[in-house]
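Asker: Let me begin by handing over the structure; questions about it come next.
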Amino acid sequence: MAEILFLVHRAPWPPDRGDRIRSWHMFEALVKLAPVHVAALADNAADAALARDKMAPLCKSLAIEVRDVSRPVALAQALLHGEPVSNRLFRNLALAHQIDDLLGEGKISHIVAFSGQMAQYLPAGFTGRVIMDFVDVDSAKFATYAEQDGRQPLNWIHRREAKKLAAFEADIAREVDASLFVSEAEAALFRSRSGLGSDKVRAVENGIDTAKFDPALALEPVTAEPGPLAVFTGQMDYRPNIDAVRWFAEDILPLVRRRHPAARFAIVGRAPTDEVRALEKHAGVMVTGEVPDVRPWLAAADAVVAPLLLARGVQNKLLEAMAMARPVAASAAAATGIDAVAGEHLVVADDAQAMAAAVCTLFDDRNAAATMGAAARARMIERYGWDARLAPLGQLLGIAA
């Protein structure tokens, strides 16, 4: 009988950030195929406890260890051993021993590894099928960081990480049975970089729970202040999100407020850095920190904005907003990978003037904005159900659903 080992870099519960949303739904899909053993890391003890309570009854076995390697230590170790820093950040000997012990029992027939950092735990000589879900091309992300930070003293770290990760990703992809990416654009990029074909590298896209993200649900109002509201949601200690909200608060919102003086911008998401908190000094900006539910903020938004300068794969924040029938103004980078038509399902703008004009247009014409939001929700229902998106897993693993 088939038994699956699911290796995941952050324990999937709660599914409250992009990586955990995808890994949680993947876990649910795998459980429908066969008994699943989970070996995962967690960022802290509280996250680990939440995940254990939820997942233990659903797993054949569950091992969760808390990551305890700091970035400076990981960098020093990576330099010493010639490895990517990303791998050292997610290396945990206790988890590795538990994985080895489990594999030694001889019951595991299939392995699914989620995120490139978990590839280091794949056993040599395993004869069952192995699926590697890289999600995004992380090496390309660091290459972009290096380009953007060309004058920074520590730019060499990003250049080194891009090179080391690219080699590591390609080596792993050659060994496993299939490598997955969150969009066809990411998969095509990886094929071009690795030299592998579509038989080994394919896209398995993200989905959205349109029953959970439904504008018809009764949600408690979150703000009664006057003025049109733009909302950004995301993990606020993640660099691309930090750069996006800083750009909007400093360069775009002032342009919007020339036409709409009462316009407000809400930055909604957990773990805001001091840099993000400092943006509240700008007129109209509010930083909520972690909220129990992003849906009331989405429901309150007159426009959901995603001015990301760097984005990989499919942005869950956009899928959520569109499922909630909100009008979205996004950068081209943020919209890449989403099967939607600019001008019909969302607005795409790439410079401050164009983004401000797009937001003002959504504020000005509420009927047109509502029409766009309704079209966006219809597109999400038609195209992005999780069951449909993850249906290929059974075939890839060779396990009938």
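Following the order of the structure tokens, chains are lettered A, B, ..., residues in each are numbered from 1, and ligands are numbered from 1.
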What residues in region 196-329 of chain A get the DSSP label strand (DSSP E)? Please answer as a count of residues only.
Answerer: 24
Asker: Run DSSP on the backbone and tell me which residues of region 320-367 of chain A come out as helix (DSSP H, G or I); list them as a VMD selection string.
Answerer: chain A and resid 320 to 323 332 to 335 352 to 364 366 to 367
Asker: Measuring between only C-alpha atoms, which one of A:Ala218, A:Leu346, A:Val204, A:Val38 shows the shortest distance to Ala388 (chain A)?
Answerer: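 Smallest separation from Ala388 (chain A) among the options: A:Val204.
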Asker: Which residues are close to Asp364 (chain A), i.e. within 12 Å by only C-alpha atoms, leaving aside same-chain residues fewer than 6 positions away? Reply as JSON, numbers by chain.
Answerer: {"A": [227, 228, 256, 259, 260, 263, 302, 303, 357, 358, 370]}
Asker: Can I get the selected residues back with N, CA and C atoms, as a PDB file, in the first residue's frame?
Answerer:
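This went into part_17.pdb:
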```
ATOM      1  N   GLY A 227     -13.641  58.480   3.466  1.00  0.00           N
ATOM      2  CA  GLY A 227     -12.627  58.494   2.426  1.00  0.00           C
ATOM      3  C   GLY A 227     -12.440  57.144   1.779  1.00  0.00           C
ATOM      4  N   PRO A 228     -12.111  57.125   0.486  1.00  0.00           N
ATOM      5  CA  PRO A 228     -11.889  55.863  -0.220  1.00  0.00           C
ATOM      6  C   PRO A 228     -10.666  55.132   0.328  1.00  0.00           C
ATOM      7  N   VAL A 256      -2.568  60.092  -5.489  1.00  0.00           N
ATOM      8  CA  VAL A 256      -3.988  59.767  -5.347  1.00  0.00           C
ATOM      9  C   VAL A 256      -4.682  60.839  -4.501  1.00  0.00           C
ATOM     10  N   ARG A 259      -6.232  64.102  -5.866  1.00  0.00           N
ATOM     11  CA  ARG A 259      -7.596  64.048  -6.410  1.00  0.00           C
ATOM     12  C   ARG A 259      -8.599  63.623  -5.349  1.00  0.00           C
ATOM     13  N   HIS A 260      -8.122  62.803  -4.408  1.00  0.00           N
ATOM     14  CA  HIS A 260      -8.983  62.317  -3.327  1.00  0.00           C
ATOM     15  C   HIS A 260      -8.276  62.591  -2.007  1.00  0.00           C
ATOM     16  N   ALA A 263      -8.290  60.024   0.789  1.00  0.00           N
ATOM     17  CA  ALA A 263      -7.934  58.630   0.468  1.00  0.00           C
ATOM     18  C   ALA A 263      -7.027  58.044   1.537  1.00  0.00           C
ATOM     19  N   ASP A 302     -12.040  49.872  -1.383  1.00  0.00           N
ATOM     20  CA  ASP A 302     -12.539  50.407  -2.651  1.00  0.00           C
ATOM     21  C   ASP A 302     -11.598  50.023  -3.787  1.00  0.00           C
ATOM     22  N   ALA A 303     -10.376  49.690  -3.436  1.00  0.00           N
ATOM     23  CA  ALA A 303      -9.413  49.131  -4.388  1.00  0.00           C
ATOM     24  C   ALA A 303      -8.396  48.320  -3.602  1.00  0.00           C
ATOM     25  N   ALA A 357      -3.264  56.828 -11.236  1.00  0.00           N
ATOM     26  CA  ALA A 357      -4.408  57.082 -12.121  1.00  0.00           C
ATOM     27  C   ALA A 357      -5.387  55.919 -12.086  1.00  0.00           C
ATOM     28  N   ALA A 358      -4.854  54.685 -12.048  1.00  0.00           N
ATOM     29  CA  ALA A 358      -5.719  53.502 -12.003  1.00  0.00           C
ATOM     30  C   ALA A 358      -6.538  53.479 -10.717  1.00  0.00           C
ATOM     31  N   ALA A 370     -17.209  47.997  -9.549  1.00  0.00           N
ATOM     32  CA  ALA A 370     -18.008  46.841  -9.129  1.00  0.00           C
ATOM     33  C   ALA A 370     -18.152  45.828 -10.260  1.00  0.00           C
TER      34      ALA A 370
END
```
Asker: From the options A:His345, A:Ala2, A:Asp100, A:Val222, which residue's atoms come nearest to Ala124 (chain A), counting only C-alpha atoms?
Answerer: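 When distances to Ala124 (chain A) are compared using only C-alpha atoms, the smallest one comes from A:Asp100.
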Asker: For region 165-173 of chain A, work out the shell of residues within 6 Å, counting only C-alpha atoms and skipping chain neighbours fewer than 4 positions away, then give it as a list in words.
Answerer: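 Listing them by chain and then by number gives Pro84, Ser139, Glu161, Ser179 and Ser194 of chain A.
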Asker: As a CSV table (one decimal) with N, CA and C atoms, in the first residue's frame, please: the residues near Ala325 (chain A) (cut-off 9 Å, only C-alpha atoms, same-chain neighbours under 5 positions excluded).
Answerer:
```csv
chain,number,residue,atom,x,y,z
A,213,PHE,N,-13.7,32.9,0.4
A,213,PHE,CA,-13.5,34.3,0.0
A,213,PHE,C,-14.7,34.6,-0.9
A,214,ASP,N,-15.8,35.0,-0.3
A,214,ASP,CA,-17.1,35.2,-0.9
A,214,ASP,C,-17.6,36.5,-0.4
A,215,PRO,N,-17.9,37.5,-1.3
A,215,PRO,CA,-18.3,38.8,-0.9
A,215,PRO,C,-19.7,38.8,-0.3
A,299,ALA,N,-13.2,43.2,2.0
A,299,ALA,CA,-14.5,43.7,1.7
A,299,ALA,C,-14.7,45.2,1.9
A,320,GLU,N,-7.2,36.1,-3.8
A,320,GLU,CA,-8.2,36.4,-2.7
A,320,GLU,C,-9.0,37.6,-2.9
A,370,ALA,N,-17.2,48.0,-9.5
A,370,ALA,CA,-18.0,46.8,-9.1
A,370,ALA,C,-18.2,45.8,-10.3
A,371,THR,N,-18.3,46.3,-11.5
A,371,THR,CA,-18.4,45.4,-12.6
A,371,THR,C,-17.1,44.6,-12.8
A,372,MET,N,-16.0,45.3,-12.7
A,372,MET,CA,-14.7,44.6,-12.7
A,372,MET,C,-14.5,43.6,-11.6
A,373,GLY,N,-14.9,44.0,-10.4
A,373,GLY,CA,-14.9,43.0,-9.3
A,373,GLY,C,-15.7,41.8,-9.5
A,374,ALA,N,-16.9,42.0,-10.1
A,374,ALA,CA,-17.8,40.8,-10.4
A,374,ALA,C,-17.2,39.9,-11.4
A,375,ALA,N,-16.6,40.5,-12.4
A,375,ALA,CA,-15.9,39.8,-13.5
A,375,ALA,C,-14.7,39.0,-12.9
A,376,ALA,N,-14.0,39.6,-12.0
A,376,ALA,CA,-12.8,39.0,-11.4
A,376,ALA,C,-13.3,37.7,-10.6
A,377,ARG,N,-14.4,37.9,-9.8
A,377,ARG,CA,-14.8,36.7,-9.0
A,377,ARG,C,-15.3,35.6,-10.0
A,378,ALA,N,-16.0,35.9,-11.0
A,378,ALA,CA,-16.4,34.9,-12.0
A,378,ALA,C,-15.3,34.2,-12.6
```
Asker: With a distance cut-off of 10 Å and only C-alpha atoms, select the neighbouring residues of Val31 (chain A), excluding the residue or stretch itself and same-chain residues fewer than 2 positions from it, and output the selection as a list in words.
Answerer: Glu3, Ile4, His25, Met26, Phe27, Glu28, Ala29, Leu33, Ala34, Pro35, Val36, His37, Leu58, Cys59, Lys60 and Ala401 of chain A
Asker: Restricting it to N, CA and C atoms, dump the selection as an mmCIF file, in the first residue's frame.
Answerer:
```cif
data_model
loop_
_atom_site.group_PDB
_atom_site.id
_atom_site.type_symbol
_atom_site.label_atom_id
_atom_site.label_comp_id
_atom_site.auth_asym_id
_atom_site.auth_seq_id
_atom_site.Cartn_x
_atom_site.Cartn_y
_atom_site.Cartn_z
ATOM 1 N N GLU A 3 2.318 4.829 0.828
ATOM 2 C CA GLU A 3 2.387 5.787 1.917
ATOM 3 C C GLU A 3 3.291 6.927 1.467
ATOM 4 N N ILE A 4 2.851 8.155 1.719
ATOM 5 C CA ILE A 4 3.522 9.348 1.205
ATOM 6 C C ILE A 4 4.242 10.079 2.335
ATOM 7 N N HIS A 25 -3.257 23.070 1.034
ATOM 8 C CA HIS A 25 -4.144 22.444 0.051
ATOM 9 C C HIS A 25 -3.475 21.240 -0.612
ATOM 10 N N MET A 26 -2.161 21.302 -0.773
ATOM 11 C CA MET A 26 -1.451 20.135 -1.291
ATOM 12 C C MET A 26 -1.534 18.979 -0.289
ATOM 13 N N PHE A 27 -1.356 19.284 0.988
ATOM 14 C CA PHE A 27 -1.503 18.261 2.028
ATOM 15 C C PHE A 27 -2.892 17.632 1.973
ATOM 16 N N GLU A 28 -3.932 18.450 1.874
ATOM 17 C CA GLU A 28 -5.298 17.920 1.795
ATOM 18 C C GLU A 28 -5.470 17.023 0.574
ATOM 19 N N ALA A 29 -4.866 17.401 -0.537
ATOM 20 C CA ALA A 29 -4.970 16.578 -1.745
ATOM 21 C C ALA A 29 -4.237 15.250 -1.583
ATOM 22 N N LEU A 33 -5.204 10.693 -1.353
ATOM 23 C CA LEU A 33 -4.585 9.664 -2.192
ATOM 24 C C LEU A 33 -4.046 8.485 -1.392
ATOM 25 N N ALA A 34 -3.491 8.762 -0.203
ATOM 26 C CA ALA A 34 -2.835 7.702 0.574
ATOM 27 C C ALA A 34 -2.522 8.247 1.964
ATOM 28 N N PRO A 35 -2.192 7.357 2.927
ATOM 29 C CA PRO A 35 -1.725 7.839 4.231
ATOM 30 C C PRO A 35 -0.490 8.721 4.063
ATOM 31 N N VAL A 36 -0.447 9.815 4.824
ATOM 32 C CA VAL A 36 0.618 10.798 4.662
ATOM 33 C C VAL A 36 1.394 10.958 5.973
ATOM 34 N N HIS A 37 2.717 10.873 5.875
ATOM 35 C CA HIS A 37 3.632 11.208 6.958
ATOM 36 C C HIS A 37 4.172 12.602 6.673
ATOM 37 N N LEU A 58 -4.796 13.997 11.243
ATOM 38 C CA LEU A 58 -4.956 13.784 9.805
ATOM 39 C C LEU A 58 -3.790 13.022 9.194
ATOM 40 N N CYS A 59 -2.701 12.846 9.967
ATOM 41 C CA CYS A 59 -1.473 12.263 9.445
ATOM 42 C C CYS A 59 -1.284 10.833 9.939
ATOM 43 N N LYS A 60 -0.536 10.051 9.171
ATOM 44 C CA LYS A 60 -0.072 8.753 9.646
ATOM 45 C C LYS A 60 1.007 8.973 10.717
ATOM 46 N N ALA A 401 -6.744 8.274 -7.462
ATOM 47 C CA ALA A 401 -7.536 8.929 -6.431
ATOM 48 C C ALA A 401 -8.701 8.041 -6.027
#
```
